[in-house]
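Data first, discussion second: the structure below is written as structure tokens.
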Amino acid sequence: MITLDGLTKRYGDRTAVRDLSLTIEPGLVTGFLGPNGAGKSTTMRMILGLDRPTAGTALVGGRPYAAYRHPLRQVGALLDAKALHPGRSARRHLLAMAHSNGIPASRVDEVLGVVGLPDVAGKRAGTFSLGMGQRLGIAGALLGDPPVLMFDEPVNGLDPDGVRWVRELMRSLAAEGRTVFVSSHLMSEMELTADRLVVIGKGRLLADAPIAEVLAGSSRHRVRIRGPRPEGLRRLAAELAPHGVAAEEVAPGELLLSGTTVDPVGDLAFRLGVPLYELSPQDATLEQAYMELTAGSVEYAAPQGADR
Amino acid sequence: MTAVPAGGGMPGAVRSEWTKAWSVRGTWWSLVGAGVLMGAACLQLAIFTVNANGNDDPADDRGVVALGTIAFGAVDLAQFAIIGLAMLLITSEYTSGAIRTTLQWIPRRGTMLLAKTAVAAAVGAVAGTLLAAGGSLAAAPLLGRWGEFALGTWLGDVLAVGAYLGLISVFTLGLGAMLRSSVGTLIVAFLILMVIPATLQASDIEAVERAAKFLPGVAGTSFMRGEAEAYPAPLGLLILAAWAVAAVAAGYQVLRRRDA
């Protein structure tokens, strides 16, 4: 369990993280989302005691990270896969890591096997591809068999096989009752992996809820209607307009209605005698829900209408 | 997920740093460099001694020298390879970002820095002793009758070089923790050990010349040679140790205050 209480980090007059209070529960994969520069990495660094909070606390299992004699047995974290000496072999890197926390050396080969790197264990880490580096970082996170795991953009540079492997690993770690806290900007990936979402923007908490709730909260739920008589569909839309329903004609004979659900639309079509071939709810995607949540807090936005 | 309450802590941190030190090429190359510099400088000093004693000018005669003292002069040059080694223990981690990984393993700044200090001290002291022993023995055939070997004296002399390089390594590590950059650390070490003392001693102002004797390199040399004017020679070791402790303490303050 990770507990943040009023966590704040200021760099000069720029506030990277602002009064963040939340609990990341065990047994779940908690996705950590936010635009670039929203404060995700800073938050994770503060949890690990790398950066000192300006105010507030970040506790792991009820204690500050640095208070543990064997912190790697408490929290396994992958923050930056490239943050290692490029000249040291993967095995020696993990061995030094194991020594520091009294972890048996036999565990090194175990985790190298788990991440699929046993054949390149003797190779210098600097020669690794981005994907292999991520796997080595994940091996490090697993080394201490910790109850809490934290990953910053773990699927960066992984091939589709690797992405699926990470997803299944996260799911299985959570299923074992561990706390899994993972940041990503790949919405589709988070939709598949996470149980719960924490969304921040400009250092502020925007959402902290189960993923279904975040999706349900989106205004992008729409109803698609399709039928043989376009003018009938338009009449239907006109009837709904006073009730705050917006209609978008995506093709002749096909409308997308937002701000309503299938039931009243079906009733109305029956009353007006408009034949329908399709009447279906269109769920918001996580990407849409996320875009709405973070619309006001994008740090580095491209100018409107600029394609490049 | 069961935590075994063994290992880790300070011994674990030292073991981890030790493993890291010997698993990169920089350490080995530094030692090779130190060996070459020490050997070459010892041979050169032996030739100088023989020439000075053999030429027509009696003013420069050095007479019979204790074998170990040859290493005292040679270490002036060879120390920079060892300084490189000690420096890389910490500055290479800032270059690659690995310091954040290290602090993830050993989040207590003091433990992390002391573990690195212990490794630097041990490697510097052992390397210094072996370099002095090897260099002075290699110079023995060249010195011939001008070299004097008495086991006790010789052992004392090589161990003095070991103590000097051990403390210089600690001093360098402290500088590295403070400055976080290889180039900066090397420049500052070179200034404090070589340039500033030479400048001060050439000033012809007595107070300034006297002050120069309290700089770490000069103090260490006074200790090794057993010759000092401003203070008893053994005190030179304490002065050097004080510099080393001060550098590590300053490094710790920087480490504690700044984000990794």
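Lettering and numbering for the structure tokens are positional, with chains as A, B, ... in the shown order, residues counted from 1 in each chain, and ligands counted from 1 in the shown order.
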Would you give me, as a PyMOL selection string, the residues in range 84-207 of chain B that DSSP reads as alpha helix (DSSP H)? chain B and resi 84-96+98-105+109-143+151-179+182-190+196-201+206-207
Which residues are close to range 40-44 of chain A, i.e. within 12 Å by only C-alpha atoms, leaving aside same-chain residues fewer than 6 positions away? Reply as a PyMOL selection string. (chain A and resi 2-11+15-22+31-34+50-54+56-60+65+75-80+149-153+181-185+198-205) or (chain B and resi 104+259-260)
With only C-alpha atoms as the basis for distance, which of B:Ala233, B:Ala74, B:Arg258, B:Ala150 is at the shortest distance from chain A?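 Nearest to chain A: B:Arg258.
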Output the contact residues of chain B with respect to chain A at a cut-off of 10 Å, based on only C-alpha atoms, as a PyMOL selection string. chain B and resi 1-26+92-109+112+256-260
Near Gly134 in chain B, counting only C-alpha atoms, which residues have an atom at most 9 Å away, once you skip same-chain residues fewer than 5 positions from it, shown as a ChimeraX atom specification? /B:35,38-39,129,139
I need the chosen residues saved as a compact mmCIF listing (two decimals), in the first residue's frame, with C-alpha atoms.
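New file part10.txt:
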# COMPACT_ATOMS: atom_id res chain seq x y z
CA GLY B 35 50.96 0.76 -12.18
CA MET B 38 54.30 4.40 -10.66
CA GLY B 39 56.75 2.04 -12.36
CA THR B 129 50.91 -0.08 -0.72
CA ALA B 139 63.91 0.57 -9.00
Spatial neighbours of Thr260 in chain A, max dist 10 Å, only C-alpha atoms, sep filter under 5 positions, as a ChimeraX atom specification: /A:219,221-223,240,243-246,265,281
